[in-house]
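Printed here is target14.tsv (TSV, N, CA and C atoms):
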```
chain	number	residue	atom	x	y	z
A	1	MET	N	131.43	-50.85	62.28
A	1	MET	CA	132.53	-49.90	62.18
A	1	MET	C	132.16	-48.79	61.20
A	2	ASP	N	132.36	-47.57	61.60
A	2	ASP	CA	132.13	-46.45	60.72
A	2	ASP	C	133.28	-46.33	59.73
A	3	ARG	N	132.92	-46.12	58.48
A	3	ARG	CA	133.95	-45.92	57.46
A	3	ARG	C	134.36	-44.46	57.44
A	4	ARG	N	135.58	-44.23	57.03
A	4	ARG	CA	136.14	-42.87	57.00
A	4	ARG	C	135.54	-42.08	55.85
A	5	ALA	N	135.23	-40.82	56.12
A	5	ALA	CA	134.62	-39.95	55.13
A	5	ALA	C	135.66	-39.20	54.30
A	6	ARG	N	136.89	-39.16	54.79
A	6	ARG	CA	137.93	-38.44	54.04
A	6	ARG	C	139.28	-39.13	54.22
A	7	ILE	N	140.17	-38.82	53.32
A	7	ILE	CA	141.52	-39.37	53.35
A	7	ILE	C	142.40	-38.41	54.13
A	8	ASP	N	143.03	-38.91	55.18
A	8	ASP	CA	143.98	-38.13	55.95
A	8	ASP	C	145.10	-39.06	56.39
A	9	GLU	N	146.06	-38.53	57.14
A	9	GLU	CA	147.22	-39.33	57.55
A	9	GLU	C	146.80	-40.58	58.35
A	10	ASP	N	145.86	-40.42	59.27
A	10	ASP	CA	145.42	-41.56	60.07
A	10	ASP	C	144.75	-42.62	59.19
A	11	GLY	N	143.94	-42.19	58.25
A	11	GLY	CA	143.29	-43.12	57.34
A	11	GLY	C	144.28	-43.84	56.45
A	12	ILE	N	145.28	-43.12	55.98
A	12	ILE	CA	146.32	-43.76	55.16
A	12	ILE	C	147.06	-44.81	55.99
A	13	ALA	N	147.41	-44.47	57.21
A	13	ALA	CA	148.11	-45.43	58.07
A	13	ALA	C	147.26	-46.68	58.30
A	14	GLU	N	145.97	-46.49	58.56
A	14	GLU	CA	145.07	-47.62	58.77
A	14	GLU	C	144.95	-48.47	57.51
A	15	LEU	N	144.81	-47.82	56.36
A	15	LEU	CA	144.72	-48.53	55.09
A	15	LEU	C	145.98	-49.35	54.82
A	16	VAL	N	147.13	-48.74	55.00
A	16	VAL	CA	148.40	-49.44	54.74
A	16	VAL	C	148.53	-50.66	55.65
A	17	LEU	N	148.24	-50.50	56.93
A	17	LEU	CA	148.35	-51.63	57.86
A	17	LEU	C	147.39	-52.76	57.48
A	18	ALA	N	146.14	-52.41	57.23
A	18	ALA	CA	145.13	-53.44	56.91
A	18	ALA	C	145.43	-54.10	55.57
A	19	PHE	N	145.79	-53.30	54.58
A	19	PHE	CA	146.05	-53.84	53.25
A	19	PHE	C	147.25	-54.79	53.26
A	20	TYR	N	148.36	-54.35	53.84
A	20	TYR	CA	149.55	-55.19	53.80
A	20	TYR	C	149.45	-56.40	54.72
A	21	ALA	N	148.59	-56.36	55.72
A	21	ALA	CA	148.31	-57.58	56.49
A	21	ALA	C	147.68	-58.63	55.56
A	22	ARG	N	146.81	-58.18	54.69
A	22	ARG	CA	146.19	-59.09	53.71
A	22	ARG	C	147.21	-59.56	52.67
A	23	VAL	N	148.06	-58.64	52.21
A	23	VAL	CA	149.08	-58.99	51.22
A	23	VAL	C	150.00	-60.07	51.77
A	24	ARG	N	150.41	-59.93	53.01
A	24	ARG	CA	151.34	-60.88	53.60
A	24	ARG	C	150.74	-62.29	53.65
A	25	ARG	N	149.43	-62.40	53.76
A	25	ARG	CA	148.76	-63.71	53.82
A	25	ARG	C	148.34	-64.23	52.44
A	26	ASP	N	148.42	-63.39	51.43
A	26	ASP	CA	147.92	-63.76	50.11
A	26	ASP	C	148.85	-64.77	49.44
A	27	PRO	N	148.29	-65.86	48.88
A	27	PRO	CA	149.14	-66.90	48.27
A	27	PRO	C	149.92	-66.42	47.05
A	28	LEU	N	149.41	-65.46	46.31
A	28	LEU	CA	150.14	-64.95	45.13
A	28	LEU	C	151.11	-63.84	45.51
A	29	LEU	N	150.65	-62.87	46.29
A	29	LEU	CA	151.47	-61.70	46.61
A	29	LEU	C	152.41	-61.92	47.78
A	30	GLY	N	151.99	-62.69	48.75
A	30	GLY	CA	152.81	-62.90	49.94
A	30	GLY	C	154.23	-63.31	49.65
A	31	PRO	N	154.45	-64.34	48.83
A	31	PRO	CA	155.83	-64.76	48.56
A	31	PRO	C	156.69	-63.67	47.91
A	32	VAL	N	156.10	-62.88	47.04
A	32	VAL	CA	156.85	-61.80	46.39
A	32	VAL	C	157.29	-60.77	47.43
A	33	PHE	N	156.34	-60.37	48.28
A	33	PHE	CA	156.66	-59.37	49.29
A	33	PHE	C	157.58	-59.92	50.37
A	34	HIS	N	157.41	-61.18	50.74
A	34	HIS	CA	158.30	-61.77	51.74
A	34	HIS	C	159.74	-61.79	51.21
A	35	ALA	N	159.91	-62.09	49.94
A	35	ALA	CA	161.25	-62.11	49.35
A	35	ALA	C	161.84	-60.71	49.29
A	36	ALA	N	161.01	-59.71	49.02
A	36	ALA	CA	161.50	-58.35	48.85
A	36	ALA	C	161.66	-57.61	50.18
A	37	VAL	N	160.72	-57.81	51.09
A	37	VAL	CA	160.68	-57.05	52.34
A	37	VAL	C	161.25	-57.85	53.50
A	38	GLY	N	160.87	-59.11	53.56
A	38	GLY	CA	161.26	-59.96	54.67
A	38	GLY	C	160.02	-60.59	55.28
A	39	THR	N	160.22	-61.36	56.32
A	39	THR	CA	159.10	-62.06	56.93
A	39	THR	C	158.83	-61.62	58.37
A	40	THR	N	159.71	-60.83	58.94
A	40	THR	CA	159.53	-60.43	60.34
A	40	THR	C	158.77	-59.10	60.42
A	41	ASP	N	158.11	-58.92	61.55
A	41	ASP	CA	157.40	-57.66	61.77
A	41	ASP	C	158.36	-56.48	61.75
A	42	ALA	N	159.57	-56.66	62.28
A	42	ALA	CA	160.55	-55.57	62.29
A	42	ALA	C	160.90	-55.13	60.87
A	43	GLU	N	161.06	-56.09	59.97
A	43	GLU	CA	161.36	-55.74	58.58
A	43	GLU	C	160.19	-55.00	57.94
A	44	TRP	N	158.98	-55.41	58.30
A	44	TRP	CA	157.80	-54.81	57.70
A	44	TRP	C	157.50	-53.41	58.23
A	45	ILE	N	157.90	-53.10	59.45
A	45	ILE	CA	157.64	-51.77	60.00
A	45	ILE	C	158.24	-50.69	59.11
A	46	ALA	N	159.49	-50.87	58.73
A	46	ALA	CA	160.15	-49.87	57.86
A	46	ALA	C	159.45	-49.77	56.51
A	47	HIS	N	159.06	-50.92	55.96
A	47	HIS	CA	158.37	-50.91	54.67
A	47	HIS	C	157.03	-50.19	54.78
A	48	LEU	N	156.27	-50.49	55.81
A	48	LEU	CA	154.95	-49.86	55.98
A	48	LEU	C	155.08	-48.36	56.19
A	49	ASP	N	156.09	-47.92	56.91
A	49	ASP	CA	156.32	-46.49	57.08
A	49	ASP	C	156.62	-45.83	55.73
A	50	ARG	N	157.44	-46.49	54.92
A	50	ARG	CA	157.80	-45.97	53.60
A	50	ARG	C	156.56	-45.91	52.69
A	51	ILE	N	155.73	-46.95	52.74
A	51	ILE	CA	154.52	-46.99	51.91
A	51	ILE	C	153.51	-45.93	52.37
A	52	ALA	N	153.36	-45.75	53.66
A	52	ALA	CA	152.46	-44.70	54.17
A	52	ALA	C	152.96	-43.31	53.72
A	53	ALA	N	154.26	-43.11	53.73
A	53	ALA	CA	154.82	-41.85	53.25
A	53	ALA	C	154.53	-41.66	51.76
A	54	PHE	N	154.63	-42.75	50.99
A	54	PHE	CA	154.33	-42.68	49.56
A	54	PHE	C	152.89	-42.22	49.34
A	55	TRP	N	151.94	-42.91	50.00
A	55	TRP	CA	150.53	-42.56	49.80
A	55	TRP	C	150.22	-41.17	50.33
A	56	SER	N	150.87	-40.76	51.39
A	56	SER	CA	150.69	-39.41	51.91
A	56	SER	C	151.14	-38.38	50.88
A	57	SER	N	152.26	-38.65	50.24
A	57	SER	CA	152.77	-37.74	49.21
A	57	SER	C	151.84	-37.68	48.00
A	58	VAL	N	151.37	-38.86	47.56
A	58	VAL	CA	150.52	-38.92	46.38
A	58	VAL	C	149.15	-38.29	46.64
A	59	LEU	N	148.54	-38.65	47.76
A	59	LEU	CA	147.15	-38.25	48.01
A	59	LEU	C	147.00	-36.91	48.72
A	60	LEU	N	147.97	-36.56	49.55
A	60	LEU	CA	147.86	-35.34	50.33
A	60	LEU	C	148.89	-34.29	49.95
A	61	GLY	N	149.81	-34.65	49.06
A	61	GLY	CA	150.83	-33.70	48.61
A	61	GLY	C	151.83	-33.32	49.69
A	62	THR	N	152.10	-34.23	50.63
A	62	THR	CA	152.97	-33.90	51.75
A	62	THR	C	154.46	-33.91	51.41
A	63	GLY	N	154.84	-34.61	50.36
A	63	GLY	CA	156.26	-34.71	50.01
A	63	GLY	C	157.06	-35.57	50.97
A	64	ARG	N	156.40	-36.41	51.75
A	64	ARG	CA	157.12	-37.23	52.73
A	64	ARG	C	157.91	-38.37	52.08
A	65	TYR	N	157.50	-38.79	50.90
A	65	TYR	CA	158.17	-39.92	50.25
A	65	TYR	C	159.27	-39.40	49.34
A	66	GLN	N	160.46	-39.97	49.50
A	66	GLN	CA	161.60	-39.55	48.69
A	66	GLN	C	162.21	-40.70	47.88
A	67	GLY	N	161.50	-41.81	47.78
A	67	GLY	CA	162.03	-42.99	47.11
A	67	GLY	C	161.81	-42.99	45.61
A	68	ARG	N	162.17	-44.11	45.01
A	68	ARG	CA	162.02	-44.32	43.57
A	68	ARG	C	161.31	-45.66	43.35
A	69	PRO	N	159.98	-45.64	43.32
A	69	PRO	CA	159.24	-46.90	43.25
A	69	PRO	C	159.53	-47.73	42.00
A	70	MET	N	159.80	-47.09	40.88
A	70	MET	CA	160.07	-47.86	39.66
A	70	MET	C	161.34	-48.69	39.83
A	71	VAL	N	162.37	-48.10	40.40
A	71	VAL	CA	163.63	-48.81	40.62
A	71	VAL	C	163.41	-49.99	41.56
A	72	ALA	N	162.66	-49.77	42.63
A	72	ALA	CA	162.41	-50.84	43.60
A	72	ALA	C	161.65	-52.00	42.96
A	73	HIS	N	160.65	-51.69	42.15
A	73	HIS	CA	159.86	-52.75	41.53
A	73	HIS	C	160.61	-53.43	40.39
A	74	ALA	N	161.45	-52.71	39.69
A	74	ALA	CA	162.22	-53.30	38.59
A	74	ALA	C	163.19	-54.36	39.10
A	75	ALA	N	163.59	-54.25	40.36
A	75	ALA	CA	164.53	-55.22	40.93
A	75	ALA	C	163.86	-56.53	41.32
A	76	LEU	N	162.54	-56.58	41.27
A	76	LEU	CA	161.82	-57.78	41.68
A	76	LEU	C	161.60	-58.70	40.47
A	77	PRO	N	162.07	-59.93	40.55
A	77	PRO	CA	161.89	-60.84	39.42
A	77	PRO	C	160.47	-61.41	39.37
A	78	GLY	N	160.00	-61.61	38.16
A	78	GLY	CA	158.77	-62.36	37.95
A	78	GLY	C	157.47	-61.67	38.27
A	79	ILE	N	157.46	-60.36	38.40
A	79	ILE	CA	156.19	-59.67	38.64
A	79	ILE	C	155.47	-59.54	37.31
A	80	GLY	N	154.20	-59.96	37.30
A	80	GLY	CA	153.42	-59.90	36.08
A	80	GLY	C	152.06	-59.29	36.30
A	81	ALA	N	151.27	-59.33	35.25
A	81	ALA	CA	149.94	-58.72	35.28
A	81	ALA	C	149.06	-59.31	36.38
A	82	ALA	N	149.18	-60.61	36.62
A	82	ALA	CA	148.36	-61.24	37.66
A	82	ALA	C	148.66	-60.66	39.04
A	83	HIS	N	149.93	-60.32	39.28
A	83	HIS	CA	150.29	-59.72	40.55
A	83	HIS	C	149.65	-58.34	40.70
A	84	PHE	N	149.71	-57.55	39.63
A	84	PHE	CA	149.11	-56.23	39.68
A	84	PHE	C	147.59	-56.32	39.86
A	85	GLU	N	146.96	-57.24	39.15
A	85	GLU	CA	145.51	-57.40	39.27
A	85	GLU	C	145.12	-57.78	40.69
A	86	ARG	N	145.85	-58.71	41.28
A	86	ARG	CA	145.55	-59.14	42.64
A	86	ARG	C	145.79	-58.00	43.62
A	87	TRP	N	146.90	-57.27	43.45
A	87	TRP	CA	147.23	-56.15	44.32
A	87	TRP	C	146.10	-55.12	44.27
A	88	LEU	N	145.65	-54.78	43.07
A	88	LEU	CA	144.59	-53.78	42.92
A	88	LEU	C	143.27	-54.28	43.50
A	89	SER	N	142.99	-55.56	43.33
A	89	SER	CA	141.77	-56.11	43.89
A	89	SER	C	141.76	-56.03	45.41
A	90	LEU	N	142.84	-56.48	46.03
A	90	LEU	CA	142.94	-56.41	47.50
A	90	LEU	C	142.92	-54.96	47.99
A	91	PHE	N	143.59	-54.08	47.27
A	91	PHE	CA	143.64	-52.68	47.66
A	91	PHE	C	142.23	-52.07	47.61
A	92	GLY	N	141.52	-52.31	46.52
A	92	GLY	CA	140.17	-51.78	46.38
A	92	GLY	C	139.23	-52.32	47.45
A	93	GLU	N	139.34	-53.62	47.74
A	93	GLU	CA	138.50	-54.22	48.78
A	93	GLU	C	138.80	-53.61	50.15
A	94	THR	N	140.07	-53.41	50.43
A	94	THR	CA	140.46	-52.85	51.73
A	94	THR	C	140.01	-51.40	51.84
A	95	ALA	N	140.20	-50.63	50.77
A	95	ALA	CA	139.75	-49.23	50.78
A	95	ALA	C	138.25	-49.15	50.97
A	96	ALA	N	137.50	-50.01	50.30
A	96	ALA	CA	136.03	-49.99	50.40
A	96	ALA	C	135.57	-50.37	51.81
A	97	ALA	N	136.32	-51.21	52.49
A	97	ALA	CA	135.95	-51.60	53.84
A	97	ALA	C	136.22	-50.49	54.85
A	98	LEU	N	137.22	-49.66	54.58
A	98	LEU	CA	137.64	-48.65	55.55
A	98	LEU	C	137.10	-47.25	55.27
A	99	PHE	N	136.77	-46.97	54.00
A	99	PHE	CA	136.38	-45.61	53.59
A	99	PHE	C	134.98	-45.62	52.98
A	100	GLU	N	134.34	-44.49	53.07
A	100	GLU	CA	133.07	-44.30	52.39
A	100	GLU	C	133.31	-44.36	50.88
A	101	PRO	N	132.25	-44.51	50.08
A	101	PRO	CA	132.44	-44.74	48.64
A	101	PRO	C	133.29	-43.70	47.91
A	102	GLU	N	133.10	-42.42	48.16
A	102	GLU	CA	133.86	-41.41	47.41
A	102	GLU	C	135.36	-41.52	47.66
A	103	PRO	N	135.83	-41.48	48.92
A	103	PRO	CA	137.27	-41.62	49.11
A	103	PRO	C	137.80	-43.01	48.73
A	104	ALA	N	136.99	-44.05	48.93
A	104	ALA	CA	137.42	-45.40	48.52
A	104	ALA	C	137.62	-45.44	47.01
A	105	GLY	N	136.71	-44.82	46.26
A	105	GLY	CA	136.86	-44.76	44.81
A	105	GLY	C	138.08	-43.98	44.39
A	106	ARG	N	138.34	-42.88	45.09
A	106	ARG	CA	139.54	-42.09	44.79
A	106	ARG	C	140.80	-42.90	45.04
A	107	LEU	N	140.81	-43.63	46.15
A	107	LEU	CA	141.96	-44.49	46.45
A	107	LEU	C	142.15	-45.56	45.38
A	108	ALA	N	141.07	-46.23	45.01
A	108	ALA	CA	141.15	-47.30	44.01
A	108	ALA	C	141.58	-46.74	42.65
A	109	ASP	N	141.04	-45.58	42.26
A	109	ASP	CA	141.42	-44.97	40.99
A	109	ASP	C	142.89	-44.58	40.97
A	110	THR	N	143.36	-44.01	42.07
A	110	THR	CA	144.77	-43.61	42.15
A	110	THR	C	145.67	-44.84	42.11
A	111	ALA	N	145.29	-45.89	42.82
A	111	ALA	CA	146.07	-47.13	42.80
A	111	ALA	C	146.12	-47.73	41.39
A	112	ALA	N	144.99	-47.70	40.70
A	112	ALA	CA	144.96	-48.23	39.33
A	112	ALA	C	145.86	-47.43	38.41
A	113	ARG	N	145.86	-46.12	38.55
A	113	ARG	CA	146.72	-45.26	37.72
A	113	ARG	C	148.20	-45.56	38.01
A	114	ILE	N	148.54	-45.70	39.28
A	114	ILE	CA	149.92	-46.00	39.66
A	114	ILE	C	150.30	-47.39	39.16
A	115	GLY	N	149.39	-48.34	39.28
A	115	GLY	CA	149.66	-49.69	38.80
A	115	GLY	C	149.92	-49.73	37.31
A	116	ARG	N	149.11	-48.98	36.54
A	116	ARG	CA	149.33	-48.93	35.08
A	116	ARG	C	150.70	-48.33	34.78
A	117	SER	N	151.05	-47.28	35.49
A	117	SER	CA	152.33	-46.63	35.27
A	117	SER	C	153.49	-47.57	35.60
A	118	LEU	N	153.37	-48.28	36.72
A	118	LEU	CA	154.42	-49.24	37.08
A	118	LEU	C	154.53	-50.36	36.06
A	119	GLN	N	153.41	-50.91	35.64
A	119	GLN	CA	153.43	-51.99	34.64
A	119	GLN	C	154.08	-51.52	33.35
A	120	HIS	N	153.73	-50.32	32.92
A	120	HIS	CA	154.31	-49.77	31.69
A	120	HIS	C	155.82	-49.59	31.87
A	121	GLY	N	156.21	-49.01	32.99
A	121	GLY	CA	157.64	-48.79	33.25
A	121	GLY	C	158.41	-50.09	33.33
A	122	LEU	N	157.83	-51.10	33.97
A	122	LEU	CA	158.50	-52.39	34.08
A	122	LEU	C	158.64	-53.05	32.71
A	123	ALA	N	157.62	-52.90	31.87
A	123	ALA	CA	157.70	-53.46	30.52
A	123	ALA	C	158.81	-52.78	29.72
A	124	LEU	N	158.93	-51.47	29.85
A	124	LEU	CA	160.00	-50.74	29.16
A	124	LEU	C	161.36	-51.16	29.70
A	125	HIS	N	161.44	-51.32	31.01
A	125	HIS	CA	162.70	-51.74	31.64
A	125	HIS	C	163.11	-53.12	31.12
A	126	ALA	N	162.15	-54.04	31.08
A	126	ALA	CA	162.44	-55.41	30.59
A	126	ALA	C	162.86	-55.39	29.13
A	127	ALA	N	162.19	-54.56	28.32
A	127	ALA	CA	162.53	-54.47	26.90
A	127	ALA	C	163.94	-53.90	26.70
A	128	SER	N	164.31	-52.96	27.53
A	128	SER	CA	165.65	-52.35	27.38
A	128	SER	C	166.76	-53.29	27.80
A	129	ARG	N	166.42	-54.27	28.66
A	129	ARG	CA	167.41	-55.25	29.10
A	129	ARG	C	167.55	-56.38	28.10
A	130	GLY	N	166.59	-56.44	27.20
A	130	GLY	CA	166.64	-57.27	26.10
A	130	GLY	C	166.42	-58.65	25.97
```
Show the structure stored in the file as structure tokens.
Amino acid sequence: MDRRARIDEDGIAELVLAFYARVRRDPLLGPVFHAAVGTTDAEWIAHLDRIAAFWSSVLLGTGRYQGRPMVAHAALPGIGAAHFERWLSLFGETAAALFEPEPAGRLADTAARIGRSLQHGLALHAASRG
């Protein structure tokens, strides 16, 4: 399989589908996502569309995503550093399988930056709840 040389809408859609297929099967991440999103393909379609819009907005500047990821993640109980590490590991592996090194690195770097921001925000949220 030829890896993608650039990040575009089709590549983002392929990445999201492949990555979240792995997440759904993952023993650590799967239960968290199943509780938050659901277990049926119908429930996941809406989530995957929302996630593809998020990545499109972040990476391509399309403005398609209008959500609030911090609020969504703050509502999930028990998310910790191990979840973020596993998420980033799976994401990086999936990006490297689908994209050439330069865009795969850009994807992994962006995911790591977003992950750090979410972890920081969640820690502040937890501290404010006391």
For region 108-120 of chain A, work out the shell of residues within 8 Å, counting only C-alpha atoms and skipping chain neighbours fewer than 6 positions away, then give it as a PDB file with N, CA and C atoms, keeping the file's coordinate frame.
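This is the output file result-v8.pdb:
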```pdb
ATOM      1  N   MET A  70     159.800 -47.090  40.880  1.00  0.00           N
ATOM      2  CA  MET A  70     160.070 -47.860  39.660  1.00  0.00           C
ATOM      3  C   MET A  70     161.340 -48.690  39.830  1.00  0.00           C
ATOM      4  N   HIS A  73     160.650 -51.690  42.150  1.00  0.00           N
ATOM      5  CA  HIS A  73     159.860 -52.750  41.530  1.00  0.00           C
ATOM      6  C   HIS A  73     160.610 -53.430  40.390  1.00  0.00           C
ATOM      7  N   ALA A  81     151.270 -59.330  35.250  1.00  0.00           N
ATOM      8  CA  ALA A  81     149.940 -58.720  35.280  1.00  0.00           C
ATOM      9  C   ALA A  81     149.060 -59.310  36.380  1.00  0.00           C
ATOM     10  N   PHE A  84     149.710 -57.550  39.630  1.00  0.00           N
ATOM     11  CA  PHE A  84     149.110 -56.230  39.680  1.00  0.00           C
ATOM     12  C   PHE A  84     147.590 -56.320  39.860  1.00  0.00           C
ATOM     13  N   LEU A  88     145.650 -54.780  43.070  1.00  0.00           N
ATOM     14  CA  LEU A  88     144.590 -53.780  42.920  1.00  0.00           C
ATOM     15  C   LEU A  88     143.270 -54.280  43.500  1.00  0.00           C
ATOM     16  N   PHE A  91     143.590 -54.080  47.270  1.00  0.00           N
ATOM     17  CA  PHE A  91     143.640 -52.680  47.660  1.00  0.00           C
ATOM     18  C   PHE A  91     142.230 -52.070  47.610  1.00  0.00           C
ATOM     19  N   GLY A  92     141.520 -52.310  46.520  1.00  0.00           N
ATOM     20  CA  GLY A  92     140.170 -51.780  46.380  1.00  0.00           C
ATOM     21  C   GLY A  92     139.230 -52.320  47.450  1.00  0.00           C
ATOM     22  N   ALA A  95     140.200 -50.630  50.770  1.00  0.00           N
ATOM     23  CA  ALA A  95     139.750 -49.230  50.780  1.00  0.00           C
ATOM     24  C   ALA A  95     138.250 -49.150  50.970  1.00  0.00           C
TER      25      ALA A  95
END
```
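Pairwise distance (CA of Glu9 (chain A), CA of Val32 (chain A)) equals 26.9 Å.
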Hey, what's within 8 Å of region 53-67 of chain A if we count only N, CA and C atoms and toss same-chain stuff fewer than 2 positions away? As a list in words, please?
-> Ile7, Asp8, Glu9, Ile12, Ala13, His47, Leu48, Asp49, Arg50, Ile51, Pro69, Met70, Val71 and Ala72 of chain A
Could you give me the residues within chain A that DSSP places in helix (DSSP H, G or I), as an NGL selection string?
-> :A and (9-25 or 29-37 or 41-60 or 69-74 or 81-98 or 101-129)
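With only C-alpha atoms as the atoms that count, the residue of A:His34, A:Arg86, A:Arg22, A:Arg6 with the shortest distance to Gly105 (chain A) is A:Arg6.
Atom C of Val23 (chain A) is found 11.1 Å from atom N of Gly38 (chain A).
Counting from CA of Arg4 (chain A), the distance to atom C of Asp41 (chain A) is 26.5 Å.
Nearest-residue note for Ala46 (chain A): choosing from A:Arg25, A:Pro103, A:Leu17, A:His83, the minimum distance belongs to A:Leu17, counting only C-alpha atoms.
Distance check against Leu29 (chain A) using only C-alpha atoms: of A:Ala82, A:Ala52, A:Ala5, A:Leu15, the minimum falls on A:Ala82.
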